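target.csv follows; it contains CSV, C-alpha atoms and all ligand atoms.
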chain,number,residue,atom,x,y,z
A,52,MET,CA,102.7,83.3,85.2
A,53,ASP,CA,102.3,80.2,87.4
A,54,SER,CA,101.3,81.2,91.0
A,55,THR,CA,104.2,79.1,92.3
A,56,ARG,CA,106.7,81.5,90.7
A,57,PHE,CA,105.3,84.3,92.8
A,58,TYR,CA,106.0,82.3,96.0
A,59,ASP,CA,109.5,81.4,94.8
A,60,ASP,CA,110.2,85.0,94.1
A,61,ASN,CA,108.6,86.4,97.3
A,62,ALA,CA,109.2,83.7,99.8
A,63,SER,CA,110.9,85.6,102.6
A,64,THR,CA,108.4,88.5,102.4
A,65,PHE,CA,105.4,86.1,102.3
A,66,VAL,CA,106.8,84.1,105.3
A,67,GLU,CA,107.4,87.3,107.3
A,68,GLN,CA,103.7,88.4,106.7
A,69,THR,CA,102.1,85.0,107.4
A,70,PHE,CA,104.2,82.9,109.8
A,71,ASN,CA,103.0,84.6,113.0
A,72,VAL,CA,99.4,85.1,112.0
A,73,ASP,CA,97.1,83.6,114.7
A,74,MET,CA,95.1,80.8,113.0
A,75,ALA,CA,94.4,78.9,116.2
A,76,LYS,CA,90.6,79.3,116.0
A,77,LEU,CA,90.5,78.0,112.4
A,78,ARG,CA,92.7,75.1,113.2
A,79,SER,CA,90.6,74.1,116.2
A,80,ARG,CA,87.4,74.0,114.2
A,81,PHE,CA,89.1,71.4,111.9
A,82,LEU,CA,90.8,69.5,114.7
A,83,LYS,CA,87.6,68.9,116.7
A,84,ASN,CA,86.6,66.5,113.8
A,85,LEU,CA,89.8,64.4,114.2
A,86,PRO,CA,90.9,61.8,116.7
A,87,LYS,CA,93.7,62.7,119.2
A,88,GLY,CA,97.1,62.2,117.5
A,89,ALA,CA,95.5,62.0,114.1
A,90,SER,CA,97.6,62.1,110.9
A,91,ILE,CA,97.4,65.4,109.1
A,92,LEU,CA,98.7,66.5,105.7
A,93,ASP,CA,99.3,70.3,105.4
A,94,ALA,CA,98.7,70.7,101.7
A,95,GLY,CA,100.2,73.9,100.2
A,96,CYS,CA,101.8,74.6,103.6
A,97,GLY,CA,103.6,77.9,102.8
A,98,SER,CA,105.7,78.9,105.7
A,99,GLY,CA,104.9,75.7,107.7
A,100,ARG,CA,103.1,77.7,110.4
A,101,ASP,CA,100.2,75.3,110.7
A,102,ALA,CA,102.3,72.1,110.1
A,103,LEU,CA,104.4,73.2,113.1
A,104,ALA,CA,101.3,74.0,115.2
A,105,PHE,CA,99.9,70.6,114.5
A,106,LYS,CA,103.2,68.9,115.2
A,107,GLN,CA,103.5,70.8,118.5
A,108,ALA,CA,100.0,69.7,119.4
A,109,GLY,CA,101.0,66.1,119.1
A,110,TYR,CA,99.6,65.2,115.6
A,111,ASP,CA,101.4,63.1,113.1
A,112,VAL,CA,102.1,65.7,110.4
A,113,CYS,CA,103.3,65.6,106.7
A,114,ALA,CA,103.4,68.6,104.4
A,115,PHE,CA,104.0,69.7,100.9
A,116,ASP,CA,104.1,72.8,98.7
A,117,ALA,CA,104.6,73.5,95.0
A,118,SER,CA,107.2,76.2,95.6
A,119,SER,CA,110.8,75.1,96.3
A,120,GLU,CA,111.4,78.3,98.3
A,121,MET,CA,108.4,77.7,100.5
A,122,VAL,CA,109.4,74.1,100.9
A,123,ALA,CA,112.8,75.2,102.2
A,124,GLU,CA,111.2,77.8,104.6
A,125,ALA,CA,108.6,75.2,105.9
A,126,THR,CA,111.3,72.6,106.3
A,127,SER,CA,113.5,74.8,108.4
A,128,ARG,CA,110.7,76.3,110.5
A,129,SER,CA,108.7,73.1,111.2
A,130,GLY,CA,111.5,70.6,111.3
A,131,LEU,CA,109.4,68.3,109.2
A,132,PRO,CA,110.5,66.8,105.9
A,133,VAL,CA,108.3,68.9,103.6
A,134,ARG,CA,107.9,67.6,100.0
A,135,GLN,CA,107.8,69.7,96.9
A,136,MET,CA,104.6,68.6,95.1
A,137,ARG,CA,101.7,70.2,93.2
A,138,PHE,CA,98.0,69.5,93.9
A,139,GLU,CA,97.5,68.7,90.3
A,140,ASN,CA,99.7,65.6,90.5
A,141,PHE,CA,99.3,64.8,94.2
A,142,SER,CA,99.9,61.3,95.4
A,143,TRP,CA,101.2,59.9,98.6
A,144,GLU,CA,102.1,56.4,99.8
A,145,ARG,CA,99.9,56.6,102.9
A,146,ASP,CA,96.4,57.9,104.0
A,147,PHE,CA,95.6,60.8,106.3
A,148,ASP,CA,92.9,61.4,108.8
A,149,GLY,CA,92.9,65.1,107.9
A,150,VAL,CA,94.0,67.4,105.0
A,151,TRP,CA,94.6,71.0,105.9
A,152,ALA,CA,94.5,73.2,102.7
A,153,CYS,CA,94.6,76.7,104.1
A,154,ALA,CA,94.5,79.4,101.4
A,155,SER,CA,96.3,77.0,99.0
A,156,LEU,CA,93.6,75.4,96.8
A,157,LEU,CA,92.6,78.9,95.8
A,158,HIS,CA,95.5,78.8,93.3
A,159,VAL,CA,94.3,75.7,91.6
A,160,PHE,CA,92.4,76.4,88.4
A,161,ARG,CA,88.7,76.0,89.1
A,162,ARG,CA,88.3,73.5,86.3
A,163,ASN,CA,91.0,71.3,88.0
A,164,LEU,CA,89.4,71.3,91.5
A,165,PRO,CA,87.2,68.2,91.1
A,166,MET,CA,90.3,66.2,89.9
A,167,VAL,CA,92.3,67.6,92.8
A,168,PHE,CA,89.6,66.9,95.4
A,169,GLN,CA,89.5,63.3,94.0
A,170,ARG,CA,93.2,62.9,94.4
A,171,LEU,CA,93.1,64.2,98.0
A,172,ALA,CA,90.1,62.1,98.9
A,173,LYS,CA,91.9,59.0,97.6
A,174,ASN,CA,94.5,59.5,100.4
A,175,LEU,CA,91.9,60.1,103.2
A,176,THR,CA,91.1,57.5,105.7
A,177,PRO,CA,87.4,56.5,105.9
A,178,ASP,CA,85.5,59.5,107.5
A,179,GLY,CA,88.7,61.6,106.9
A,180,VAL,CA,88.2,65.4,106.8
A,181,ILE,CA,89.5,68.1,104.5
A,182,TYR,CA,89.7,71.8,105.4
A,183,ALA,CA,89.9,74.2,102.5
A,184,SER,CA,89.8,78.0,102.5
A,185,PHE,CA,89.3,80.4,99.6
A,186,LYS,CA,88.9,84.1,99.2
A,187,TYR,CA,85.2,84.9,99.3
A,188,GLY,CA,83.8,85.8,95.9
A,189,SER,CA,82.9,84.3,92.5
A,190,ASP,CA,85.7,85.4,90.3
A,191,GLU,CA,88.6,83.6,88.7
A,192,ARG,CA,91.2,86.3,88.5
A,193,ARG,CA,94.9,87.1,88.3
A,194,ARG,CA,96.5,89.5,90.7
A,195,LYS,CA,100.2,90.4,90.8
A,196,GLY,CA,101.3,87.2,89.1
A,197,ARG,CA,99.0,84.9,91.0
A,198,TYR,CA,95.8,83.1,89.8
A,199,PHE,CA,92.9,83.2,92.3
A,200,ASN,CA,89.9,80.9,92.3
A,201,ASP,CA,87.5,82.8,94.6
A,202,MET,CA,84.7,80.8,96.0
A,203,THR,CA,81.1,81.0,97.4
A,204,ARG,CA,79.1,78.2,99.0
A,205,GLU,CA,77.0,78.1,95.8
A,206,LEU,CA,80.0,77.5,93.7
A,207,ILE,CA,81.1,74.5,95.8
A,208,ASP,CA,78.0,72.4,95.0
A,209,PRO,CA,78.7,71.8,91.3
A,210,LEU,CA,82.4,70.9,92.2
A,211,LEU,CA,81.2,68.4,94.7
A,212,GLN,CA,78.8,66.8,92.2
A,213,MET,CA,81.9,65.8,90.3
A,214,THR,CA,83.5,64.5,93.5
A,215,PRO,CA,81.2,61.9,95.0
A,216,GLU,CA,83.8,60.9,97.5
A,217,LEU,CA,83.3,64.1,99.5
A,218,ALA,CA,80.5,65.9,101.3
A,219,MET,CA,80.6,69.3,102.8
A,220,PHE,CA,79.5,69.2,106.4
A,221,ASP,CA,80.4,72.7,107.6
A,222,PHE,CA,81.3,76.1,106.1
A,223,TRP,CA,81.6,79.6,107.4
A,224,ILE,CA,82.9,83.0,106.4
A,225,SER,CA,85.7,84.6,108.3
A,226,LYS,CA,87.7,87.8,108.3
A,227,ASP,CA,91.3,87.8,107.2
A,228,GLN,CA,93.3,87.1,110.4
A,229,ARG,CA,95.9,89.8,109.4
A,230,PRO,CA,94.9,93.0,111.0
A,231,GLU,CA,95.7,95.1,108.0
A,232,ARG,CA,93.5,92.9,105.8
A,233,GLY,CA,90.5,92.7,108.2
A,234,SER,CA,88.1,93.8,105.5
A,235,GLU,CA,88.9,90.7,103.3
A,236,ARG,CA,86.5,87.7,103.7
A,237,TRP,CA,87.3,84.0,103.4
A,238,LEU,CA,85.1,81.0,102.7
A,239,ASN,CA,86.1,78.1,105.0
A,240,CYS,CA,84.9,74.6,104.2
A,241,LEU,CA,85.0,71.2,105.9
A,242,PHE,CA,84.5,68.1,103.8
A,243,LYS,CA,84.2,64.5,104.9
A,244,LYS,CA,85.0,61.4,102.9
A,245,VAL,CA,81.7,59.6,102.4
A,246,GLY,CA,82.7,56.5,100.4
A,247,GLY,CA,81.4,57.4,96.9
A,248,GLN,CA,77.8,58.5,97.9
A,249,GLN,CA,76.1,61.6,96.6
A,250,ALA,CA,78.3,64.5,97.6
A,251,CYS,CA,76.6,67.8,98.1
A,252,THR,CA,74.6,68.6,101.2
A,253,GLN,CA,71.6,69.8,99.3
A,254,GLY,CA,69.0,67.2,98.3
A,255,SER,CA,71.0,64.3,99.5
A,256,GLY,CA,68.8,62.5,102.0
A,257,ASP,CA,70.9,59.4,102.2
A,258,ILE,CA,74.0,61.3,103.2
A,259,ARG,CA,72.0,63.2,105.9
A,260,ASP,CA,70.8,59.8,107.3
A,261,ARG,CA,74.4,58.5,107.5
A,262,TYR,CA,75.9,61.7,108.7
A,263,PRO,CA,73.5,63.6,110.9
A,264,GLU,CA,76.1,66.3,111.5
A,265,LEU,CA,75.9,67.4,107.9
A,266,SER,CA,74.5,70.9,107.9
A,267,GLU,CA,73.8,73.7,105.5
A,268,GLY,CA,76.6,75.6,107.2
A,269,ARG,CA,76.4,79.1,108.6
A,270,ASP,CA,77.0,82.3,106.7
A,271,THR,CA,78.3,83.9,109.9
A,272,ILE,CA,81.4,85.8,110.6
A,273,TYR,CA,83.8,83.7,112.7
A,274,GLU,CA,86.2,86.0,114.4
A,301,LIG,C1,98.5,81.9,100.2
A,301,LIG,S1,99.7,80.7,100.4
A,301,LIG,C2,99.1,79.8,101.8
A,301,LIG,C3,100.2,79.1,102.6
A,301,LIG,C4,99.8,78.5,103.9
A,301,LIG,N1,98.9,77.4,103.7
A,301,LIG,C5,99.2,79.5,104.8
A,301,LIG,O1,98.0,79.4,105.2
A,301,LIG,O2,99.9,80.4,105.2
A,301,LIG,C6,99.5,79.5,99.1
A,301,LIG,C7,100.5,78.4,99.1
A,301,LIG,O3,100.0,77.4,98.1
A,301,LIG,C8,101.2,77.0,97.4
A,301,LIG,N2,100.7,76.6,96.0
A,301,LIG,C9,100.2,77.4,95.0
A,301,LIG,N3,99.8,76.6,94.0
A,301,LIG,C10,100.0,75.3,94.4
A,301,LIG,C11,99.8,74.1,93.7
A,301,LIG,N4,99.3,74.0,92.5
A,301,LIG,N5,100.1,72.9,94.4
A,301,LIG,C12,100.6,73.0,95.7
A,301,LIG,N6,100.9,74.2,96.3
A,301,LIG,C13,100.6,75.3,95.7
A,301,LIG,C14,102.1,78.2,97.3
A,301,LIG,O4,103.4,77.9,97.0
A,301,LIG,C15,101.9,78.8,98.7
A,301,LIG,O5,102.8,78.3,99.6
Produce structure tokens that represent the structure in this file.
Amino acid sequence: MDSTRFYDDNASTFVEQTFNVDMAKLRSRFLKNLPKGASILDAGCGSGRDALAFKQAGYDVCAFDASSEMVAEATSRSGLPVRQMRFENFSWERDFDGVWACASLLHVFRRNLPMVFQRLAKNLTPDGVIYASFKYGSDERRRKGRYFNDMTRELIDPLLQMTPELAMFDFWISKDQRPERGSERWLNCLFKKVGGQQACTQGSGDIRDRYPELSEGRDTIYE
């Protein structure tokens, strides 16, 4: 079963469980890399929680989701014209300074991630930034009708080797922000558009020269 079907069938429960989750710390680590009033695309926006927060903070926000039910929820909650679209055939008529893909790329088949990263990078401004989060782990698995592409820092590198437009400049592991799921871990990644240079942070001296902020990331818990 396509993961989208799960969200169509469980939209109101999912929104109830996620709309009020406090994601402010995660958002701020992304936002500090963007200019004031930047354009942001909330990709796989779910309830519209983060699209609304970005809008209220004065950013220029667009959003999309594959599930028609989630699109309806996000539209009514954010007041933004949310589009129904899939990552796998993503295209937009404008570029964005930032793409926020919170717990959404985790439903894209791992083999499709390089192609999806390339599509997203195409609509990033020069030096644009992508935030993506995945459940921490190395499995590809199905659970209750959803496909999950779990991710570690080590699994990111081969994906980026196929996506020379992007370099990872920060990553960290966080706890699930829902109190009842505090034992679950997430891998959070920040990627920067680097104009077709070698992508991964390991062994890429040229990238480090151009972007001194590129780091190995930190395997720390970010509360
Ligand atoms: C776990 S929810 C996260 C929602 C929201 N970003 C959040 O943090 O609360 C995953 C979302 O990704 C959407 N999604 C799943 N597969 C997708 C795909 N292939 N393209 C676009 N969105 C997708 C789902 O409909 C769902 O709204």
Given the choices A:Gly246, A:Gly97, A:Pro177, A:Gly196, which gets closest to Thr126 of chain A if the distance is worked out from only C-alpha atoms?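 Closest residue, counting only C-alpha atoms: A:Gly97.
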When you look at Gly109 of chain A with a cut-off of 9 Å (counting all atoms listed in the file), what residues show up, excluding the ones that are within fewer than 4 positions of it in the same chain? I need them as a PyMOL selection string. chain A and resi 87-89+104-105
Would you be able to write out as JSON, numbers by chain which residues have an atom within 8 Å of (104.7, 74.7, 103.0) in the file's coordinates, counting only C-alpha atoms? {"A": [93, 94, 95, 96, 97, 98, 99, 102, 114, 115, 116, 118, 121, 122, 124, 125, 126, 133]}
Those residues with C-alpha atoms, as a PDB file, in the coordinates of the input please?
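Contents of result_8.pdb, as written:
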ATOM      1  CA  ASP A  93      99.300  70.300 105.400  1.00  0.00           C
ATOM      2  CA  ALA A  94      98.700  70.700 101.700  1.00  0.00           C
ATOM      3  CA  GLY A  95     100.200  73.900 100.200  1.00  0.00           C
ATOM      4  CA  CYS A  96     101.800  74.600 103.600  1.00  0.00           C
ATOM      5  CA  GLY A  97     103.600  77.900 102.800  1.00  0.00           C
ATOM      6  CA  SER A  98     105.700  78.900 105.700  1.00  0.00           C
ATOM      7  CA  GLY A  99     104.900  75.700 107.700  1.00  0.00           C
ATOM      8  CA  ALA A 102     102.300  72.100 110.100  1.00  0.00           C
ATOM      9  CA  ALA A 114     103.400  68.600 104.400  1.00  0.00           C
ATOM     10  CA  PHE A 115     104.000  69.700 100.900  1.00  0.00           C
ATOM     11  CA  ASP A 116     104.100  72.800  98.700  1.00  0.00           C
ATOM     12  CA  SER A 118     107.200  76.200  95.600  1.00  0.00           C
ATOM     13  CA  MET A 121     108.400  77.700 100.500  1.00  0.00           C
ATOM     14  CA  VAL A 122     109.400  74.100 100.900  1.00  0.00           C
ATOM     15  CA  GLU A 124     111.200  77.800 104.600  1.00  0.00           C
ATOM     16  CA  ALA A 125     108.600  75.200 105.900  1.00  0.00           C
ATOM     17  CA  THR A 126     111.300  72.600 106.300  1.00  0.00           C
ATOM     18  CA  VAL A 133     108.300  68.900 103.600  1.00  0.00           C
TER      19      VAL A 133
END
Neighbour list for Leu210 of chain A as a VMD selection string, cut-off 9 Å, all atoms listed in the file, skip fewer than 2 positions in-chain: chain A and resid 161 to 162 164 to 165 168 206 to 208 212 to 214 251
Neighbouring residues of segment 59-64 of chain A were defined as those with any atom within 6 Å, considering only C-alpha atoms; residues of the same chain fewer than 2 positions away were excluded. Please report them as a list in words. Arg56, Phe57, Val66, Glu67, Ser118 and Glu120 of chain A
For the residues selected in the previous step, produce a file with C-alpha atoms as an mmCIF file, keeping the file's coordinate frame.
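Produced file again.cif, reproduced below:
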data_model
loop_
_atom_site.group_PDB
_atom_site.id
_atom_site.type_symbol
_atom_site.label_atom_id
_atom_site.label_comp_id
_atom_site.auth_asym_id
_atom_site.auth_seq_id
_atom_site.Cartn_x
_atom_site.Cartn_y
_atom_site.Cartn_z
ATOM 1 C CA ARG A 56 106.700 81.500 90.700
ATOM 2 C CA PHE A 57 105.300 84.300 92.800
ATOM 3 C CA VAL A 66 106.800 84.100 105.300
ATOM 4 C CA GLU A 67 107.400 87.300 107.300
ATOM 5 C CA SER A 118 107.200 76.200 95.600
ATOM 6 C CA GLU A 120 111.400 78.300 98.300
#
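Between ligand LIG 301 (chain A) and the candidates A:Gln169, A:Ser54, A:Ser90, A:Ser129, the tightest atom-to-atom separation, counting only C-alpha atoms and all ligand atoms, involves A:Ser54.
With only C-alpha atoms as the atoms that count, the residue of A:Phe65, A:Tyr187, A:Asn174, A:Phe222 with the shortest distance to Ser142 of chain A is A:Asn174.
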Return the single residue from A:Arg236, A:Lys173, A:Arg193, A:Arg100 that is closest to ligand LIG 301 (chain A), with distances computed using all atoms listed in the file.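 Ranked by minimum distance to ligand LIG 301 (chain A), first place goes to A:Arg100.
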For atom CA of Phe147 of chain A and atom CA of Phe242 of chain A, determine how far apart the two atoms are, in Å to one decimal place. 13.5 Å
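Distances from A:Arg197, A:Lys226, A:Arg232, A:Arg145 to Leu175 of chain A were compared using only C-alpha atoms, and the smallest one belongs to A:Arg145.
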Anything within 10 Å of (91.5, 70.4, 113.0): list those residues as a VMD selection string, counting all atoms listed in the file and sticking to the file's coordinates. chain A and resid 75 to 86 89 91 105 110 149 to 151 180 to 182 241
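Taking only C-alpha atoms and all ligand atoms into account, ligand LIG 301 (chain A) lies nearest to A:Cys153 out of the set A:Met74, A:Leu238, A:Val245, A:Cys153.
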Neighbouring residues of Gly188 of chain A were defined as those with any atom within 10 Å, considering all atoms listed in the file; residues of the same chain fewer than 2 positions away were excluded. Please report them as a PDB file with C-alpha atoms, keeping the file's coordinate frame.
ATOM      1  CA  PHE A 185      89.300  80.400  99.600  1.00  0.00           C
ATOM      2  CA  LYS A 186      88.900  84.100  99.200  1.00  0.00           C
ATOM      3  CA  ASP A 190      85.700  85.400  90.300  1.00  0.00           C
ATOM      4  CA  GLU A 191      88.600  83.600  88.700  1.00  0.00           C
ATOM      5  CA  ASN A 200      89.900  80.900  92.300  1.00  0.00           C
ATOM      6  CA  ASP A 201      87.500  82.800  94.600  1.00  0.00           C
ATOM      7  CA  MET A 202      84.700  80.800  96.000  1.00  0.00           C
ATOM      8  CA  THR A 203      81.100  81.000  97.400  1.00  0.00           C
ATOM      9  CA  ARG A 204      79.100  78.200  99.000  1.00  0.00           C
ATOM     10  CA  LEU A 206      80.000  77.500  93.700  1.00  0.00           C
ATOM     11  CA  ARG A 236      86.500  87.700 103.700  1.00  0.00           C
ATOM     12  CA  TRP A 237      87.300  84.000 103.400  1.00  0.00           C
ATOM     13  CA  LEU A 238      85.100  81.000 102.700  1.00  0.00           C
TER      14      LEU A 238
END
Determine, counting only C-alpha atoms, which protein, DNA and RNA residues have an atom within 8 Å of an atom of Asn163 of chain A; residues of the same chain fewer than 4 positions away are not included. Present the result as a CSV table (one decimal) with C-alpha atoms, keeping the file's coordinate frame.
chain,number,residue,atom,x,y,z
A,139,GLU,CA,97.5,68.7,90.3
A,159,VAL,CA,94.3,75.7,91.6
A,167,VAL,CA,92.3,67.6,92.8
Quick one: pull the distance between atom C15 of ligand LIG 301 (chain A) and atom CA of Ala108 of chain A, Å, one decimal.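 These two atoms are separated by 22.7 Å.
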Point-to-point distance from atom CA of Asn140 of chain A to atom CA of Cys240 of chain A, Å rounded to tenths: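 Separation between atom CA of Asn140 of chain A and atom CA of Cys240 of chain A: 22.1 Å.
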